[in-house]
Amino acid sequence: MEKKTFERDIVIVGGGPSGLSTALHLTKIAPHLTSRILLLEKEHYPRLKLCAGGLVIDAENILEALGLDSREVPHVDAKSIHFDFAGKGLNIRGPKHHAIRVVRRDEFDHWLAKKAEERGVEIRQGITVKKISPDENGVSIETDQGNFRAAIVVGADGSNGITRRSIFPNDPVYTARVLEVLTPTIPHHSASTSPDLEEVKARREGVAFFDFFPVPDNIAGYVWDFPTQVKGTPMRCWGVYDTNLLADQKRPPLKEPLAEEMKRHGFDLNEFEIKGHPIRWYNPQNKISIPRVLLVGDTVGADAIFGEGISMALGYGNIAAREIAESFRRGEFSFRGYRHRLARSGLGQTLFVRWLITQVIYTFKWRWFQILLWRMLKPIVLFVAWVFVLNWSKRDLRI
Ligand SMILES: Cc1cc2nc3c(=O)[nH]c(=O)nc-3n(C[C@H](O)[C@H](O)[C@H](O)COP(=O)(O)OP(=O)(O)OC[C@H]3O[C@@H](n4cnc5c(N)ncnc54)[C@H](O)[C@@H]3O)c2cc1C
């Protein structure tokens, strides 16, 4: 039989949390495969990635299980998460001393890439993958710097990634619109010390805030306000997320609710740079693999309720690495079991439940329902959040 020579057995396209987590989990689960991994990243670290950088407890659990401590990355800890509907809502506190850890993605991803390199993973930066073509014997990978050949490819290239577009060119996409803005903690012209402003400011100190007030206006999402830091300077990260579930043909403008929320705090949105990026959210119908190619992270889908995708991306890496290790053991790369493996994992289950919750909380957009949900059904919301939304990673880490 003719012997094939591959540049590498495993090529990972994209060095965000999902690609790096896949590599890191492989080094842990199947160390003999480490020298056979090549990760291609189109940017150079530390590279910008538009993201609010909120790490929930599951992200920390997965990193811890990999022997990594996210406290090494510059961060701000929010002591609680607040869900609000037009002025009132409910608070969630974490089991540790913080509810959410906020990082900057340029720093976080760079740190994670260094950890992967320290464990023997080869990362080539500044290479853009242009096309993936799988065949019976392997996968050809066209890049802006020549072609590669691999036994298998992991598509970890994010919401707009070329891997998914190469293998599922005609599949439907479910994407959210997201805008993000960074500001100082208090407005520049803060002679504005009105009692109202002082009160809202005090309510926000150290809190990751989600306000669902735009839902009745057909924005199936929320406005957020997180504490953060940039190069050690305390800042605030604001943004607006819309799943597009209520959009029909006409998409309501996104800037208005963000501007409205920021104005309540004395900020003028027009004074700041607004950036936007789509998030692909998980839909159970999304295809996730074909023979020799499997997808992870945003290429499959982030959480639909919040667009929370960092913990998910880290979790996909764990599931994908197990599927890959088993495929190499068997010498068979159909990845037929990947969908089932994901579906029965804690990650797959939380993604499914979050998708279901999304259909309810945003489709029932009426004001009375939102008031009922965020203000009156507190015990039920807290129970669902604790059992189905958070803490999914523990199950996957026990496998
Ligand atoms: C505005 C905004 C705010 C968000 N806030 C949060 C939050 O607070 N908390 C949270 O958990 N999630 C948040 N998310 C979602 C989160 O950013 C994503 O879910 C997460 O980054 C997904 O990780 P990933 O590794 O799958 O993809 P990405 O992080 O997008 O990484 C993909 C990588 O692939 C590289 N790449 C792309 N194309 C190619 C190519 N052709 N060749 C080679 N390399 C390529 C990119 O440069 C990138 O490094 C937010 C997203 C947005 C847009």
# chains A, B, ... in the order shown; residues from 1 in each chain; ligands from 1
$ residues_around --residues "range 129-140 of chain A" --least-positions-apart "4" --cutoff "9 Å" --atoms "only C-alpha atoms" --output "NGL selection string"
:A and (4 or 6 or 9 or 13-14 or 40-42 or 144-145 or 147-153 or 162-163 or 165-167 or 290-293)
$ write_last_selection --atoms "N, CA and C atoms" --output "compact mmCIF listing (two decimals), in the first residue's frame"
# COMPACT_ATOMS: atom_id res chain seq x y z
N LYS A 4 1.41 7.45 2.71
CA LYS A 4 1.16 8.89 2.57
C LYS A 4 2.08 9.65 3.49
N PHE A 6 2.33 13.12 5.50
CA PHE A 6 1.58 14.30 5.90
C PHE A 6 2.53 15.30 6.53
N ASP A 9 -0.08 15.16 11.34
CA ASP A 9 -1.29 14.34 11.40
C ASP A 9 -2.51 15.19 11.74
N VAL A 13 -6.96 24.64 12.81
CA VAL A 13 -7.04 25.95 12.15
C VAL A 13 -7.63 26.95 13.15
N GLY A 14 -6.81 27.86 13.65
CA GLY A 14 -7.29 28.89 14.57
C GLY A 14 -6.76 28.70 15.98
N LEU A 40 -2.37 26.43 13.15
CA LEU A 40 -2.15 27.58 12.26
C LEU A 40 -3.02 28.74 12.72
N GLU A 41 -2.41 29.88 12.99
CA GLU A 41 -3.15 31.07 13.45
C GLU A 41 -2.82 32.22 12.50
N LYS A 42 -3.87 32.88 12.03
CA LYS A 42 -3.62 33.91 11.00
C LYS A 42 -3.00 35.19 11.55
N ASP A 144 -2.15 31.08 2.71
CA ASP A 144 -1.48 32.16 1.97
C ASP A 144 0.03 31.94 1.90
N GLN A 145 0.50 30.86 2.57
CA GLN A 145 1.94 30.59 2.53
C GLN A 145 2.22 29.16 2.11
N ASN A 147 0.77 25.10 0.71
CA ASN A 147 -0.25 24.10 1.05
C ASN A 147 0.28 23.10 2.06
N PHE A 148 -0.64 22.60 2.87
CA PHE A 148 -0.30 21.57 3.85
C PHE A 148 -1.18 20.36 3.58
N ARG A 149 -0.73 19.24 4.12
CA ARG A 149 -1.51 18.03 4.02
C ARG A 149 -1.58 17.44 5.42
N ALA A 150 -2.78 17.02 5.84
CA ALA A 150 -2.93 16.47 7.18
C ALA A 150 -3.81 15.24 7.14
N ALA A 151 -3.71 14.44 8.20
CA ALA A 151 -4.63 13.29 8.31
C ALA A 151 -6.01 13.80 8.71
N ILE A 152 -6.01 14.75 9.66
CA ILE A 152 -7.30 15.32 10.08
C ILE A 152 -7.13 16.82 10.32
N VAL A 153 -8.26 17.55 10.23
CA VAL A 153 -8.25 18.99 10.51
C VAL A 153 -9.30 19.30 11.57
N ILE A 162 -13.29 29.82 7.89
CA ILE A 162 -13.25 29.25 6.53
C ILE A 162 -13.48 27.73 6.56
N THR A 163 -13.16 27.09 7.69
CA THR A 163 -13.30 25.62 7.73
C THR A 163 -14.75 25.23 7.53
N ARG A 165 -17.11 27.03 6.28
CA ARG A 165 -17.58 27.44 4.94
C ARG A 165 -17.08 26.49 3.86
N SER A 166 -15.89 25.90 4.07
CA SER A 166 -15.36 24.95 3.09
C SER A 166 -16.15 23.64 3.08
N ILE A 167 -16.55 23.19 4.29
CA ILE A 167 -17.16 21.84 4.31
C ILE A 167 -18.69 21.88 4.30
N ILE A 290 -17.40 16.12 9.39
CA ILE A 290 -17.47 15.19 8.26
C ILE A 290 -16.24 14.29 8.42
N PRO A 291 -16.13 13.23 7.65
CA PRO A 291 -14.92 12.42 7.80
C PRO A 291 -13.65 13.27 7.65
N ARG A 292 -12.77 13.15 8.61
CA ARG A 292 -11.45 13.81 8.67
C ARG A 292 -11.47 15.28 9.09
N VAL A 293 -12.65 15.88 9.26
CA VAL A 293 -12.70 17.28 9.71
C VAL A 293 -13.73 17.40 10.83
$ residues_near_ligand --ligand "ligand 1" --cutoff "7 Å" --atoms "only C-alpha atoms and all ligand atoms" --output "NGL selection string"
:A and (13-19 or 40-43 or 49-55 or 127-130 or 156-159 or 161-162 or 178-180 or 239 or 276-279 or 296-299 or 302 or 307-311 or 313)
$ closest_atom_pairs --of "range 5-114 of chain A" --to "range 344-368 of chain A" --cutoff "10 Å" --atoms "only C-alpha atoms" --output "JSON lines"
{"residue": "A:Asp58", "atom": "CA", "partner": "A:Leu347", "partner_atom": "CA", "distance": 9.8}
{"residue": "A:Phe85", "atom": "CA", "partner": "A:Arg367", "partner_atom": "CA", "distance": 8.9}
{"residue": "A:Ala86", "atom": "CA", "partner": "A:Arg367", "partner_atom": "CA", "distance": 9.6}
$ closest_residue --among "A:Ser327, A:Trp281, A:Phe383, A:Asp109" --to "Ala30 in chain A" --atoms "only C-alpha atoms"
A:Ser327
$ atom_distance --atom1 "CA of Lys255 in chain A" --atom2 "CA of Asp77 in chain A"
27.2 Å
$ atom_distance --atom1 "CA of Arg398 in chain A" --atom2 "CA of Glu64 in chain A"
13.0 Å
$ residues_around --residues "Leu294 in chain A" --least-positions-apart "4" --cutoff "8 Å" --atoms "only C-alpha atoms" --output "JSON, numbers by chain"
{"A": [153, 154, 155, 288, 289, 290, 320, 335]}
$ write_last_selection --atoms "N, CA and C atoms" --output "compact mmCIF listing (two decimals), in the first residue's frame"
# COMPACT_ATOMS: atom_id res chain seq x y z
N VAL A 153 -8.26 17.55 10.23
CA VAL A 153 -8.25 18.99 10.51
C VAL A 153 -9.30 19.30 11.57
N VAL A 154 -8.91 20.18 12.50
CA VAL A 154 -9.87 20.69 13.49
C VAL A 154 -10.16 22.14 13.11
N GLY A 155 -11.41 22.45 12.83
CA GLY A 155 -11.81 23.82 12.49
C GLY A 155 -12.09 24.58 13.77
N ILE A 288 -21.58 19.27 12.61
CA ILE A 288 -20.35 19.55 13.36
C ILE A 288 -19.12 18.78 12.87
N SER A 289 -19.31 17.84 11.95
CA SER A 289 -18.13 17.13 11.43
C SER A 289 -18.46 16.43 10.13
N ILE A 290 -17.40 16.12 9.39
CA ILE A 290 -17.47 15.19 8.26
C ILE A 290 -16.24 14.29 8.42
N ALA A 320 -13.50 17.29 21.77
CA ALA A 320 -12.88 17.00 20.47
C ALA A 320 -11.60 16.18 20.66
N PHE A 335 -15.22 10.32 12.33
CA PHE A 335 -15.79 11.18 13.37
C PHE A 335 -17.30 11.01 13.48
$ atom_distance --atom1 "CA of Leu68 in chain A" --atom2 "CA of Gly120 in chain A"
15.3 Å
$ closest_residue --among "A:Leu245, A:Ile319, A:Ala78, A:Ile123" --to "Glu205 in chain A" --atoms "only C-alpha atoms"
A:Ala78
$ select_by_dssp --residues "range 300-373 of chain A" --states "helix (DSSP H, G or I)" --output "ChimeraX atom specification"
/A:310-330,338-343,346-361,367-373
$ write_last_selection --atoms "C-alpha atoms" --output "compact mmCIF listing (two decimals), in the first residue's frame"
# COMPACT_ATOMS: atom_id res chain seq x y z
CA ILE A 310 -15.09 31.14 26.09
CA SER A 311 -15.97 28.38 28.57
CA MET A 312 -17.78 26.59 25.74
CA ALA A 313 -14.72 26.88 23.47
CA LEU A 314 -12.53 25.40 26.22
CA GLY A 315 -15.11 22.63 26.73
CA TYR A 316 -15.30 21.79 23.02
CA GLY A 317 -11.53 21.28 23.12
CA ASN A 318 -11.93 18.56 25.75
CA ILE A 319 -14.65 16.70 23.84
CA ALA A 320 -12.88 17.00 20.47
CA ALA A 321 -9.54 15.83 21.90
CA ARG A 322 -11.19 12.65 23.22
CA GLU A 323 -12.81 11.98 19.85
CA ILE A 324 -9.48 12.55 18.07
CA ALA A 325 -7.49 10.37 20.48
CA GLU A 326 -9.96 7.54 20.01
CA SER A 327 -9.90 7.94 16.21
CA PHE A 328 -6.10 7.64 16.16
CA ARG A 329 -6.31 4.58 18.41
CA ARG A 330 -8.71 2.97 15.96
CA TYR A 338 -18.55 13.14 17.57
CA ARG A 339 -22.15 14.42 17.50
CA HIS A 340 -23.23 11.78 20.00
CA ARG A 341 -20.19 12.42 22.20
CA LEU A 342 -21.02 16.13 22.27
CA ALA A 343 -24.74 15.55 22.83
CA GLY A 346 -22.20 18.34 30.02
CA LEU A 347 -21.25 20.87 27.34
CA GLY A 348 -23.71 19.47 24.79
CA GLN A 349 -26.47 19.37 27.36
CA THR A 350 -26.00 22.93 28.55
CA LEU A 351 -25.82 24.14 24.93
CA PHE A 352 -29.09 22.35 24.17
CA VAL A 353 -30.88 23.60 27.29
CA ARG A 354 -29.61 27.14 26.70
CA TRP A 355 -30.90 26.95 23.12
CA LEU A 356 -34.32 25.90 24.47
CA ILE A 357 -34.34 28.66 27.10
CA THR A 358 -33.45 31.17 24.37
CA GLN A 359 -36.56 30.21 22.40
CA VAL A 360 -38.68 30.97 25.48
CA ILE A 361 -37.17 34.04 27.10
CA ARG A 367 -42.97 43.41 29.11
CA TRP A 368 -45.09 41.51 31.64
CA PHE A 369 -43.26 38.26 30.88
CA GLN A 370 -39.84 39.86 31.26
CA ILE A 371 -40.92 41.38 34.59
CA LEU A 372 -42.21 37.99 35.73
CA LEU A 373 -38.99 36.28 34.66
$ decode --residues "range 243-280 of chain A" --atoms "C-alpha atoms" --output "mmCIF file, in the first residue's frame"
data_model
loop_
_atom_site.group_PDB
_atom_site.id
_atom_site.type_symbol
_atom_site.label_atom_id
_atom_site.label_comp_id
_atom_site.auth_asym_id
_atom_site.auth_seq_id
_atom_site.Cartn_x
_atom_site.Cartn_y
_atom_site.Cartn_z
ATOM 1 C CA THR A 243 -29.652 36.737 18.724
ATOM 2 C CA ASN A 244 -31.758 38.075 15.821
ATOM 3 C CA LEU A 245 -34.581 35.747 16.884
ATOM 4 C CA LEU A 246 -37.126 38.581 16.750
ATOM 5 C CA ALA A 247 -35.681 40.348 13.758
ATOM 6 C CA ASP A 248 -37.872 39.012 10.891
ATOM 7 C CA GLN A 249 -36.955 40.939 7.772
ATOM 8 C CA LYS A 250 -36.208 44.188 9.574
ATOM 9 C CA ARG A 251 -33.433 44.284 12.135
ATOM 10 C CA PRO A 252 -33.983 46.880 14.862
ATOM 11 C CA PRO A 253 -30.993 49.232 15.235
ATOM 12 C CA LEU A 254 -28.586 48.031 17.931
ATOM 13 C CA LYS A 255 -26.909 51.297 18.812
ATOM 14 C CA GLU A 256 -29.998 52.875 20.395
ATOM 15 C CA PRO A 257 -30.408 50.617 23.448
ATOM 16 C CA LEU A 258 -26.658 50.738 24.111
ATOM 17 C CA ALA A 259 -26.644 54.541 23.853
ATOM 18 C CA GLU A 260 -29.704 54.711 26.129
ATOM 19 C CA GLU A 261 -28.107 52.540 28.809
ATOM 20 C CA MET A 262 -24.798 54.405 28.703
ATOM 21 C CA LYS A 263 -26.584 57.755 28.889
ATOM 22 C CA ARG A 264 -28.228 56.659 32.156
ATOM 23 C CA HIS A 265 -24.669 56.477 33.490
ATOM 24 C CA GLY A 266 -23.531 59.806 32.089
ATOM 25 C CA PHE A 267 -21.703 58.433 28.993
ATOM 26 C CA ASP A 268 -22.239 59.576 25.413
ATOM 27 C CA LEU A 269 -21.835 56.559 23.112
ATOM 28 C CA ASN A 270 -20.776 58.820 20.227
ATOM 29 C CA GLU A 271 -17.577 59.734 22.086
ATOM 30 C CA PHE A 272 -16.296 56.143 21.975
ATOM 31 C CA GLU A 273 -15.198 53.677 19.338
ATOM 32 C CA ILE A 274 -17.901 51.089 18.669
ATOM 33 C CA LYS A 275 -16.835 47.690 17.374
ATOM 34 C CA GLY A 276 -19.030 44.882 16.098
ATOM 35 C CA HIS A 277 -18.591 41.171 15.440
ATOM 36 C CA PRO A 278 -21.094 38.329 14.896
ATOM 37 C CA ILE A 279 -21.340 35.325 17.223
ATOM 38 C CA ARG A 280 -22.525 32.035 15.789
#
